[in-house]
$ cat start39.csv   # CSV, C-alpha atoms and all ligand atoms
chain,number,residue,atom,x,y,z
A,1,MET,CA,17.2,6.5,10.4
A,2,ASN,CA,18.8,5.2,7.2
A,3,PHE,CA,16.4,3.8,4.6
A,4,ASN,CA,17.4,2.2,1.4
A,5,TYR,CA,15.2,3.9,-1.1
A,6,ASN,CA,16.3,1.5,-3.8
A,7,TYR,CA,14.1,-1.1,-2.4
A,8,ALA,CA,11.1,-2.0,-4.3
A,9,PRO,CA,8.2,-0.6,-2.2
A,10,THR,CA,8.2,-2.8,0.9
A,11,PRO,CA,5.0,-2.7,2.7
A,12,ALA,CA,4.1,-4.6,5.8
A,13,PRO,CA,2.6,-8.0,5.0
A,14,TRP,CA,-0.9,-6.7,5.5
A,15,CYS,CA,-0.5,-3.6,3.3
A,16,GLY,CA,-2.6,-4.0,0.1
A,17,TYR,CA,-0.5,-1.7,-2.1
A,18,THR,CA,1.9,-4.3,-3.5
A,19,ASN,CA,2.2,-8.0,-3.3
A,20,SER,CA,4.1,-7.9,-0.1
A,21,VAL,CA,7.5,-9.5,0.3
A,22,SER,CA,8.5,-10.0,3.8
A,23,LEU,CA,11.5,-7.8,4.3
A,24,PRO,CA,13.9,-7.0,7.1
A,25,ASN,CA,13.0,-5.0,10.2
A,26,ILE,CA,12.2,-1.8,8.5
A,27,PRO,CA,10.3,0.5,10.8
A,28,HIS,CA,6.7,1.5,10.0
A,29,CYS,CA,4.8,4.8,10.0
A,30,TRP,CA,6.6,8.0,10.7
A,31,HIS,CA,5.0,8.5,14.1
A,32,HIS,CA,6.0,5.0,15.1
A,33,SER,CA,8.8,5.2,12.5
A,34,TYR,CA,7.0,3.9,9.5
A,35,ASN,CA,8.5,2.5,6.3
A,36,PRO,CA,8.7,5.4,3.8
A,37,ALA,CA,9.5,3.1,1.0
A,38,CYS,CA,6.0,1.8,1.0
A,39,PHE,CA,3.6,3.2,-1.6
A,40,CYS,CA,0.6,3.0,0.7
A,41,GLY,CA,1.7,6.4,2.1
A,42,GLY,CA,2.6,5.1,5.5
A,43,TRP,CA,-0.7,4.5,7.1
A,44,GLU,CA,-1.4,1.0,6.0
A,45,CYS,CA,2.0,-0.3,6.7
A,46,CYS,CA,1.9,0.9,10.3
A,47,PRO,CA,0.6,-1.9,12.5
A,48,GLU,CA,-0.7,0.5,15.1
A,49,GLN,CA,-2.4,2.9,12.8
A,50,TYR,CA,-3.7,0.1,10.6
A,51,SER,CA,-5.4,-1.7,13.4
A,52,GLN,CA,-6.8,1.5,14.9
A,53,TYR,CA,-8.1,2.5,11.6
A,54,TYR,CA,-9.9,-0.7,11.1
A,55,SER,CA,-11.4,-0.6,14.5
A,56,HIS,CA,-13.3,2.6,13.3
A,57,TYR,CA,-13.9,2.5,9.6
A,58,SER,CA,-15.1,0.0,7.2
A,59,ALA,CA,-12.9,0.7,4.2
A,60,PRO,CA,-9.4,2.0,3.7
A,61,TYR,CA,-8.6,5.1,1.9
A,62,PRO,CA,-5.1,5.4,0.7
A,63,ASN,CA,-2.9,8.4,0.9
A,64,THR,CA,-3.1,9.1,-2.8
A,65,ASP,CA,-1.3,12.4,-2.6
A,66,ALA,CA,1.7,10.8,-1.2
A,67,MET,CA,1.5,7.9,-3.6
A,68,LYS,CA,1.3,10.3,-6.5
A,69,ARG,CA,4.2,12.4,-5.4
A,70,ARG,CA,6.3,9.4,-4.8
A,71,SER,CA,5.7,8.0,-8.2
A,72,GLU,CA,6.4,11.5,-9.8
A,73,ASN,CA,9.5,12.1,-7.8
A,74,SER,CA,11.0,8.8,-6.7
A,75,ASN,CA,14.4,10.5,-5.8
A,76,ASN,CA,12.7,12.6,-3.1
A,77,VAL,CA,10.3,10.4,-1.3
A,78,GLU,CA,11.2,11.2,2.3
A,79,GLU,CA,9.9,14.8,2.8
A,80,PRO,CA,6.4,14.5,1.2
A,81,ALA,CA,5.6,11.2,2.8
A,82,LYS,CA,6.0,12.7,6.2
A,83,LYS,CA,3.8,15.7,5.5
A,84,THR,CA,0.9,13.8,4.0
A,85,PHE,CA,0.7,10.8,6.2
A,86,TRP,CA,-3.1,10.8,6.8
A,87,ALA,CA,-3.1,10.0,10.5
A,88,ALA,CA,-1.1,13.2,11.0
A,89,GLY,CA,-3.8,15.3,9.4
A,90,LEU,CA,-4.8,16.9,12.7
A,91,LEU,CA,-1.2,18.2,13.2
A,92,ALA,CA,-1.5,19.9,9.8
A,93,ALA,CA,-5.0,21.2,10.6
A,94,MET,CA,-4.0,22.7,13.9
A,95,GLU,CA,-1.4,24.9,12.0
A,96,ASP,CA,-3.9,25.9,9.3
A,97,PRO,CA,-5.6,29.2,10.1
A,98,GLN,CA,-8.6,28.1,8.0
A,99,CYS,CA,-9.2,25.1,10.3
A,100,ILE,CA,-8.6,26.9,13.6
A,101,VAL,CA,-11.7,28.0,15.5
A,102,LYS,CA,-10.0,29.2,18.7
A,103,GLN,CA,-6.6,28.8,20.3
A,104,ASP,CA,-4.6,29.8,23.4
A,105,ASP,CA,-1.1,28.9,24.7
A,106,LYS,CA,-2.2,25.4,25.6
A,107,ILE,CA,-4.7,24.2,23.0
A,108,VAL,CA,-6.0,24.7,19.5
A,109,ILE,CA,-9.7,24.0,18.6
A,110,ILE,CA,-10.4,23.0,15.0
A,111,GLN,CA,-13.5,22.0,13.1
A,112,ASP,CA,-13.7,18.3,12.4
A,113,LYS,CA,-13.2,17.9,8.7
A,114,TYR,CA,-15.7,15.1,8.5
A,115,PRO,CA,-18.2,16.3,11.1
A,116,LYS,CA,-20.5,13.6,12.4
A,117,ALA,CA,-23.1,16.1,13.7
A,118,GLU,CA,-24.2,19.6,13.0
A,119,PHE,CA,-21.4,20.9,15.2
A,120,HIS,CA,-18.2,18.9,15.7
A,121,TYR,CA,-15.0,20.4,17.0
A,122,LEU,CA,-11.7,18.8,18.1
A,123,VAL,CA,-9.7,20.3,21.0
A,124,LEU,CA,-6.0,19.5,20.7
A,125,PRO,CA,-3.2,20.2,23.1
A,126,ARG,CA,-0.2,22.0,21.8
A,127,GLU,CA,1.9,19.6,23.9
A,128,ASP,CA,2.9,16.6,21.8
A,129,ILE,CA,0.7,13.9,23.4
A,130,SER,CA,-0.1,11.2,20.9
A,131,SER,CA,-3.1,9.6,22.6
A,132,ILE,CA,-5.0,9.1,25.8
A,133,ASN,CA,-2.6,6.2,26.6
A,134,LYS,CA,0.2,8.7,27.1
A,135,LEU,CA,-1.7,10.7,29.8
A,136,ASN,CA,-0.8,10.8,33.5
A,137,ARG,CA,-1.8,12.8,36.5
A,138,GLU,CA,0.4,15.7,35.4
A,139,HIS,CA,-1.9,16.2,32.5
A,140,LEU,CA,-5.0,16.7,34.7
A,141,PRO,CA,-5.0,20.5,34.5
A,142,LEU,CA,-4.6,20.3,30.7
A,143,LEU,CA,-7.5,17.9,30.5
A,144,GLU,CA,-9.7,20.1,32.6
A,145,HIS,CA,-8.7,23.1,30.4
A,146,MET,CA,-9.5,21.2,27.2
A,147,GLU,CA,-13.0,20.4,28.6
A,148,ALA,CA,-13.5,24.0,29.8
A,149,VAL,CA,-12.7,25.4,26.3
A,150,GLY,CA,-14.9,22.8,24.8
A,151,GLN,CA,-17.8,23.7,27.1
A,152,GLU,CA,-17.3,27.4,26.1
A,153,ILE,CA,-17.5,26.7,22.4
A,154,ALA,CA,-20.6,24.5,22.9
A,155,LYS,CA,-22.3,27.5,24.7
A,156,GLU,CA,-22.2,29.3,21.3
A,157,HIS,CA,-24.9,26.8,20.2
A,158,PRO,CA,-27.5,27.1,22.9
A,159,ASN,CA,-30.0,25.1,21.0
A,160,HIS,CA,-27.8,22.0,20.9
A,161,LYS,CA,-26.7,19.6,23.6
A,162,PHE,CA,-23.1,18.4,23.3
A,163,GLN,CA,-21.0,15.4,24.2
A,164,PHE,CA,-17.4,15.9,25.3
A,165,GLY,CA,-15.1,12.9,25.1
A,166,TYR,CA,-12.4,10.8,23.6
A,167,HIS,CA,-12.3,7.7,21.5
A,168,ALA,CA,-10.8,4.8,23.4
A,169,LEU,CA,-8.7,3.9,20.4
A,170,ALA,CA,-8.2,7.1,18.3
A,171,SER,CA,-7.3,6.8,14.6
A,172,MET,CA,-5.5,10.2,14.4
A,173,ILE,CA,-2.3,11.2,16.0
A,174,ARG,CA,-2.3,13.9,18.8
A,175,LEU,CA,-4.7,13.6,21.7
A,176,HIS,CA,-8.1,15.2,20.7
A,177,LEU,CA,-11.2,15.9,22.6
A,178,HIS,CA,-14.4,15.5,20.5
A,179,VAL,CA,-16.9,18.3,21.2
A,180,ILE,CA,-19.9,17.1,19.2
A,181,SER,CA,-23.6,18.1,19.2
A,182,ASP,CA,-25.8,15.2,20.0
A,183,ASP,CA,-28.0,15.5,17.0
A,184,PHE,CA,-25.6,13.4,14.9
A,185,ASN,CA,-27.3,15.0,11.9
A,186,SER,CA,-24.6,14.9,9.3
A,187,LEU,CA,-23.9,13.5,5.9
A,188,SER,CA,-20.4,12.4,7.1
A,189,LEU,CA,-22.0,10.1,9.7
A,190,LYS,CA,-22.3,7.0,7.5
A,191,THR,CA,-21.3,3.8,9.2
A,192,LYS,CA,-22.2,1.7,12.2
A,193,LYS,CA,-18.7,2.2,13.3
A,194,HIS,CA,-19.1,6.0,13.2
A,195,TRP,CA,-22.3,5.7,15.3
A,196,ASN,CA,-20.9,3.2,17.8
A,197,SER,CA,-17.7,5.2,18.2
A,198,PHE,CA,-19.8,8.0,19.8
A,199,THR,CA,-22.6,6.1,21.5
A,200,THR,CA,-21.0,3.1,23.2
A,201,SER,CA,-18.4,2.9,25.9
A,202,PHE,CA,-15.8,3.4,23.1
A,203,PHE,CA,-16.6,7.1,23.7
A,204,ILE,CA,-15.0,8.0,27.0
A,205,SER,CA,-16.5,11.1,28.4
A,206,SER,CA,-14.1,13.8,29.3
A,207,GLN,CA,-15.2,13.7,32.9
A,208,ASP,CA,-14.8,9.9,33.1
A,209,LEU,CA,-11.3,10.1,31.6
A,210,ILE,CA,-10.4,12.8,34.2
A,211,GLU,CA,-11.7,10.6,37.0
A,212,ILE,CA,-9.9,7.5,35.7
A,213,ILE,CA,-6.6,9.4,35.5
A,214,LYS,CA,-7.1,10.9,38.9
A,215,ARG,CA,-7.7,7.4,40.3
A,216,ASP,CA,-5.4,5.2,38.3
A,217,GLY,CA,-2.8,7.7,37.0
A,218,LYS,CA,-3.5,6.5,33.4
A,219,ALA,CA,-6.2,5.7,30.9
A,220,LYS,CA,-7.7,2.2,30.7
A,221,GLU,CA,-6.2,0.3,27.7
A,222,ILE,CA,-8.8,-1.2,25.5
A,223,SER,CA,-8.1,-4.5,23.6
A,224,ARG,CA,-8.6,-4.6,19.9
A,225,SER,CA,-11.1,-7.4,20.3
A,226,HIS,CA,-13.2,-5.4,22.8
A,227,ALA,CA,-13.0,-2.4,20.5
A,228,LYS,CA,-14.3,-4.5,17.7
A,229,GLU,CA,-17.1,-5.8,19.8
A,230,LEU,CA,-18.1,-2.2,20.6
A,231,MET,CA,-18.0,-1.3,16.9
A,232,ASP,CA,-20.3,-4.3,16.2
A,233,THR,CA,-22.9,-3.3,18.8
A,234,PRO,CA,-26.4,-3.3,17.2
A,235,LEU,CA,-27.6,0.2,16.3
A,236,LYS,CA,-29.5,1.8,19.2
A,237,CYS,CA,-30.8,5.4,19.4
A,238,HIS,CA,-28.9,7.2,22.1
A,239,LYS,CA,-32.0,9.2,23.1
A,240,CYS,CA,-34.9,6.8,23.3
A,241,LYS,CA,-33.0,3.5,23.1
A,242,MET,CA,-35.0,2.3,20.1
A,243,MET,CA,-33.2,-0.4,18.1
A,244,LEU,CA,-32.8,0.3,14.4
A,245,SER,CA,-31.9,-2.3,11.8
A,246,ASN,CA,-29.7,-0.2,9.6
A,247,MET,CA,-28.0,3.2,9.2
A,248,PRO,CA,-30.6,4.9,6.9
A,249,LYS,CA,-33.3,4.0,9.4
A,250,LEU,CA,-31.3,5.2,12.3
A,251,LYS,CA,-30.6,8.5,10.5
A,252,GLN,CA,-34.2,9.0,9.7
A,253,HIS,CA,-35.1,8.3,13.3
A,254,LEU,CA,-32.5,10.8,14.5
A,255,LEU,CA,-34.1,13.4,12.3
A,256,VAL,CA,-37.4,13.0,14.2
A,257,HIS,CA,-35.6,13.7,17.4
A,258,ARG,CA,-33.9,16.7,15.8
A,259,LEU,CA,-37.2,18.1,14.5
A,260,LYS,CA,-38.9,17.6,17.9
A,261,GLU,CA,-36.1,19.4,19.7
A,262,LYS,CA,-36.1,22.2,17.1
A,263,HIS,CA,-39.8,22.6,17.5
A,264,ALA,CA,-39.5,22.6,21.3
A,265,THR,CA,-36.8,25.3,21.3
A,266,GLU,CA,-38.7,27.5,18.9
A,267,LYS,CA,-41.8,27.5,21.0
B,301,LIG,P1,-10.6,9.6,16.2
B,301,LIG,O1,-11.3,8.4,15.7
B,301,LIG,O2,-11.0,10.0,17.6
B,301,LIG,O3,-9.1,9.7,15.9
B,301,LIG,O4,-11.2,10.8,15.3
B,301,LIG,C1,-10.5,11.6,14.4
B,301,LIG,C2,-11.4,12.7,13.9
B,301,LIG,O5,-10.6,13.5,13.1
B,301,LIG,C3,-12.6,12.2,13.1
B,301,LIG,O6,-13.8,12.7,13.6
B,301,LIG,C4,-12.3,12.7,11.7
B,301,LIG,O7,-13.5,13.1,11.0
B,301,LIG,C5,-11.4,13.9,12.0
B,301,LIG,N1,-10.5,14.2,10.9
B,301,LIG,C6,-9.8,13.4,10.1
B,301,LIG,N2,-8.9,14.1,9.3
B,301,LIG,C7,-9.0,15.4,9.7
B,301,LIG,C8,-8.4,16.6,9.2
B,301,LIG,N3,-7.4,16.6,8.3
B,301,LIG,N4,-8.8,17.7,9.8
B,301,LIG,C9,-9.8,17.8,10.7
B,301,LIG,N5,-10.4,16.7,11.2
B,301,LIG,C10,-10.0,15.5,10.7
B,302,ZN,ZN,-34.8,7.7,19.5
$ encode --input "start39.csv" --output "C-alpha cells"
Amino acid sequence: MNFNYNYAPTPAPWCGYTNSVSLPNIPHCWHHSYNPACFCGGWECCPEQYSQYYSHYSAPYPNTDAMKRRSENSNNVEEPAKKTFWAAGLLAAMEDPQCIVKQDDKIVIIQDKYPKAEFHYLVLPREDISSINKLNREHLPLLEHMEAVGQEIAKEHPNHKFQFGYHALASMIRLHLHVISDDFNSLSLKTKKHWNSFTTSFFISSQDLIEIIKRDGKAKEISRSHAKELMDTPLKCHKCKMMLSNMPKLKQHLLVHRLKEKHATEK
C-alpha cells in the first residue's frame, strides 16, 4: 500500500479528530487497511471498528499514544500506528508474558484488562481468526478446545459460577471467548452497554455458537440496529430478573446477590 504522508490528516468523515475533508479512497484501519494519515490513531476512521465500538461503549477514547508519537515524529508514522491501534490490543496482550495466564499450541488465555467481574479471562486462538464471522465447521475442534480450557480455568475459582461466550459484535480484533464470573462485581463494569453485552442475546454462549456452526456452518450475523436495540435493553438482574432503573442501583443489587452467595458457600 502506498500512502501519501504529506496529506493533512485525512480522517473518514465521521472521525472527530480533524474537520474532515472528504478525500479519495484511502483505506481505513490497519486490520481492514486503515488510513494511517489520520490522527485518530486508526480506530475512529475505520468504519467497521467505529460502528462496533459504538455498539458497545458510550464514549470514544482516542489512541493518544499513537497521536502523540505521530505529532512527535511525523516522518515515521507508519510503524507506531500499526502497533498501537487500540482494537489490536489483544494481539499485543497475547504476546505479553505479564498478561498471559495459560497457553498451549492452539490458544492463549489472558486476563481481561478491564475486567467486568471478579474473574474475567479471554481465550484467544493463535490462529488468525478476526471474529466469529470468520468461523466455519473446520473451526469446531478449536471452539471446543477454547471452551474446555475456559472451563478448566473457571474450576480454579470453585466459589464462582462462570459464563462462557462471545459478543455478537466484538470490538477487539482476534476471536476471543469471554470466561467471566457471573458476579459482575467490578469497578470496570460501568455502563448499560457493558451490562447488556453480557446479559442479553448479544452474548452468545460458547455452546450455542458451537451448535449454530455445526448446524449452519457459520455464525449468525447481527445487524447494527439489532445490536443497538440489545444495548438499549432496560437493566434487568440476570439472577432474579428484577428491573433496575440505573447502573448504581443495579450494581448495589448485584452486591446483595454476591454477599448471599458468599455467605452460602462459607456455611
Ligand atoms: P469485545 O467487546 O468482545 O471485543 O471485548 C473486548 C474485551 O477486551 C473487553 O472485555 C475489554 O475489557 C478487553 N480489553 C480491551 N483492551 C484490552 C487489552 N489491551 N488487554 C486485555 N483485554 C483488553
Ligand atoms: Zn437480582
$ closest_atom_pairs --input "start39.csv" --of "chain A" --to "ligand ZN 302 (chain B)" --cutoff "6 Å" --atoms "only C-alpha atoms and all ligand atoms" --output "CSV"
residue,atom,partner,partner_atom,distance
A:Cys237,CA,B:ZN302,ZN,4.6
A:Lys239,CA,B:ZN302,ZN,4.8
A:Cys240,CA,B:ZN302,ZN,3.9
A:Lys241,CA,B:ZN302,ZN,5.8
A:Met242,CA,B:ZN302,ZN,5.4
$ residues_around --input "start39.csv" --residues "Ala148 of chain A" --least-positions-apart "5" --cutoff "12 Å" --atoms "only C-alpha atoms" --output "compact mmCIF listing (two decimals) with C-alpha atoms, keeping the file's coordinate frame"
# COMPACT_ATOMS: atom_id res chain seq x y z
CA ILE A 107 -4.70 24.20 23.00
CA ILE A 109 -9.70 24.00 18.60
CA VAL A 123 -9.70 20.30 21.00
CA PRO A 141 -5.00 20.50 34.50
CA LEU A 142 -4.60 20.30 30.70
CA LEU A 143 -7.50 17.90 30.50
CA ILE A 153 -17.50 26.70 22.40
CA ALA A 154 -20.60 24.50 22.90
CA LYS A 155 -22.30 27.50 24.70
CA PHE A 164 -17.40 15.90 25.30
CA LEU A 177 -11.20 15.90 22.60
CA VAL A 179 -16.90 18.30 21.20
CA SER A 206 -14.10 13.80 29.30
CA GLN A 207 -15.20 13.70 32.90
$ residues_around --input "start39.csv" --residues "Asp112 of chain A" --least-positions-apart "3" --cutoff "10 Å" --atoms "only C-alpha atoms" --output "JSON, numbers by chain"
{"A": [90, 93, 99, 109, 115, 116, 117, 119, 120, 121, 122, 123, 178, 179, 180]}
$ write_last_selection --input "start39.csv" --atoms "C-alpha atoms" --output "compact mmCIF listing (two decimals), keeping the file's coordinate frame"
# COMPACT_ATOMS: atom_id res chain seq x y z
CA LEU A 90 -4.80 16.90 12.70
CA ALA A 93 -5.00 21.20 10.60
CA CYS A 99 -9.20 25.10 10.30
CA ILE A 109 -9.70 24.00 18.60
CA PRO A 115 -18.20 16.30 11.10
CA LYS A 116 -20.50 13.60 12.40
CA ALA A 117 -23.10 16.10 13.70
CA PHE A 119 -21.40 20.90 15.20
CA HIS A 120 -18.20 18.90 15.70
CA TYR A 121 -15.00 20.40 17.00
CA LEU A 122 -11.70 18.80 18.10
CA VAL A 123 -9.70 20.30 21.00
CA HIS A 178 -14.40 15.50 20.50
CA VAL A 179 -16.90 18.30 21.20
CA ILE A 180 -19.90 17.10 19.20
$ residues_around --input "start39.csv" --residues "segment 216-220 of chain A" --least-positions-apart "6" --cutoff "9 Å" --atoms "all atoms listed in the file" --output "MDAnalysis selection string"
chainID A and resid 132:138 168 209:210
$ residues_near_ligand --input "start39.csv" --ligand "ligand LIG 301 (chain B)" --cutoff "10 Å" --atoms "all atoms listed in the file" --output "ChimeraX atom specification"
/A:52-53,55-57,84,86-94,96,99-100,110-117,120-122,131,165-180,188-189,193-194,197-198,202-203
$ closest_residue --input "start39.csv" --among "A:Val101, A:Ile129, A:Met243, A:Leu140" --to "Lys214 of chain A" --atoms "all atoms listed in the file"
A:Leu140
$ closest_atom_pairs --input "start39.csv" --of "segment 163-229 of chain A" --to "segment 252-256 of chain A" --cutoff "9 Å" --atoms "all atoms listed in the file" --output "Markdown table"
| residue | atom | partner | partner_atom | distance |
| --- | --- | --- | --- | --- |
| A:Asp183 | CA | A:Leu254 | CA | 7.0 |
| A:Phe184 | CA | A:Leu254 | CA | 7.4 |
| A:Asn185 | CA | A:Leu255 | CA | 7.0 |
$ atom_distance --input "start39.csv" --atom1 "atom CA of Thr191 of chain A" --atom2 "atom CA of Lys236 of chain A"
13.1 Å
$ residues_around --input "start39.csv" --residues "Asn159 of chain A" --least-positions-apart "2" --cutoff "7 Å" --atoms "all atoms listed in the file" --output "short mmCIF file (atom, residue, chain, number, x, y, z; two decimals) with C-alpha atoms, in the coordinates of the input"
data_model
loop_
_atom_site.label_atom_id
_atom_site.label_comp_id
_atom_site.auth_asym_id
_atom_site.auth_seq_id
_atom_site.Cartn_x
_atom_site.Cartn_y
_atom_site.Cartn_z
CA HIS A 157 -24.90 26.80 20.20
CA LYS A 161 -26.70 19.60 23.60
CA THR A 265 -36.80 25.30 21.30
#
$ decode --input "start39.csv" --residues "segment 132-142 of chain A" --atoms "all heavy atoms" --output "short mmCIF file (atom, residue, chain, number, x, y, z; two decimals), in the first residue's frame"
data_model
loop_
_atom_site.label_atom_id
_atom_site.label_comp_id
_atom_site.auth_asym_id
_atom_site.auth_seq_id
_atom_site.Cartn_x
_atom_site.Cartn_y
_atom_site.Cartn_z
N ILE A 132 -16.07 -13.93 15.16
CA ILE A 132 -16.93 -15.12 15.00
C ILE A 132 -17.44 -15.24 13.55
O ILE A 132 -17.79 -16.32 13.11
CB ILE A 132 -18.12 -15.13 15.99
CG1 ILE A 132 -19.00 -13.91 15.84
CG2 ILE A 132 -17.65 -15.28 17.41
CD1 ILE A 132 -20.30 -14.02 16.65
N ASN A 133 -17.46 -14.12 12.85
CA ASN A 133 -17.97 -14.16 11.47
C ASN A 133 -17.05 -14.88 10.50
O ASN A 133 -17.41 -15.14 9.36
CB ASN A 133 -18.24 -12.74 10.97
CG ASN A 133 -19.32 -12.08 11.80
OD1 ASN A 133 -20.24 -12.76 12.24
ND2 ASN A 133 -19.17 -10.80 12.05
N LYS A 134 -15.85 -15.20 10.96
CA LYS A 134 -14.91 -15.90 10.07
C LYS A 134 -14.89 -17.40 10.37
O LYS A 134 -14.11 -18.15 9.79
CB LYS A 134 -13.48 -15.35 10.27
CG LYS A 134 -13.33 -13.88 9.90
CD LYS A 134 -13.38 -13.70 8.39
CE LYS A 134 -13.05 -12.30 7.93
NZ LYS A 134 -14.01 -11.29 8.31
N LEU A 135 -15.77 -17.83 11.27
CA LEU A 135 -15.73 -19.24 11.67
C LEU A 135 -16.50 -20.14 10.70
O LEU A 135 -17.50 -19.72 10.12
CB LEU A 135 -16.34 -19.39 13.07
CG LEU A 135 -15.53 -18.75 14.21
CD1 LEU A 135 -16.35 -18.73 15.49
CD2 LEU A 135 -14.22 -19.50 14.42
N ASN A 136 -16.01 -21.35 10.56
CA ASN A 136 -16.75 -22.37 9.80
C ASN A 136 -16.59 -23.72 10.50
O ASN A 136 -15.97 -23.79 11.57
CB ASN A 136 -16.26 -22.42 8.34
CG ASN A 136 -14.78 -22.76 8.26
OD1 ASN A 136 -14.31 -23.71 8.90
ND2 ASN A 136 -14.02 -21.98 7.50
N ARG A 137 -17.15 -24.75 9.90
CA ARG A 137 -17.16 -26.06 10.60
C ARG A 137 -15.76 -26.57 10.92
O ARG A 137 -15.56 -27.30 11.88
CB ARG A 137 -17.93 -27.09 9.76
CG ARG A 137 -19.42 -26.81 9.75
CD ARG A 137 -20.24 -28.01 9.24
NE ARG A 137 -21.64 -27.64 9.21
CZ ARG A 137 -22.26 -27.16 8.14
NH1 ARG A 137 -21.60 -26.99 6.99
NH2 ARG A 137 -23.54 -26.83 8.20
N GLU A 138 -14.78 -26.17 10.12
CA GLU A 138 -13.41 -26.63 10.40
C GLU A 138 -12.90 -26.12 11.74
O GLU A 138 -11.95 -26.66 12.30
CB GLU A 138 -12.46 -26.16 9.29
CG GLU A 138 -12.61 -26.99 8.05
CD GLU A 138 -11.75 -26.50 6.90
OE1 GLU A 138 -10.85 -25.68 7.14
OE2 GLU A 138 -12.02 -26.94 5.77
N HIS A 139 -13.52 -25.05 12.22
CA HIS A 139 -13.06 -24.47 13.49
C HIS A 139 -13.71 -25.13 14.71
O HIS A 139 -13.40 -24.74 15.84
CB HIS A 139 -13.35 -22.96 13.51
CG HIS A 139 -12.59 -22.20 12.48
ND1 HIS A 139 -13.20 -21.52 11.44
CD2 HIS A 139 -11.26 -22.02 12.32
CE1 HIS A 139 -12.27 -20.95 10.70
NE2 HIS A 139 -11.09 -21.24 11.20
N LEU A 140 -14.61 -26.08 14.48
CA LEU A 140 -15.33 -26.65 15.63
C LEU A 140 -14.40 -27.26 16.70
O LEU A 140 -14.58 -26.98 17.89
CB LEU A 140 -16.37 -27.67 15.15
CG LEU A 140 -17.62 -27.02 14.52
CD1 LEU A 140 -18.45 -28.06 13.76
CD2 LEU A 140 -18.46 -26.32 15.58
N PRO A 141 -13.37 -28.03 16.28
CA PRO A 141 -12.48 -28.57 17.33
C PRO A 141 -11.80 -27.44 18.13
O PRO A 141 -11.65 -27.55 19.34
CB PRO A 141 -11.44 -29.39 16.55
CG PRO A 141 -12.11 -29.69 15.23
CD PRO A 141 -13.03 -28.54 14.95
N LEU A 142 -11.45 -26.38 17.44
CA LEU A 142 -10.81 -25.26 18.13
C LEU A 142 -11.78 -24.62 19.12
O LEU A 142 -11.42 -24.33 20.28
CB LEU A 142 -10.34 -24.21 17.10
CG LEU A 142 -9.78 -22.92 17.69
CD1 LEU A 142 -8.48 -23.19 18.44
CD2 LEU A 142 -9.54 -21.87 16.60
#
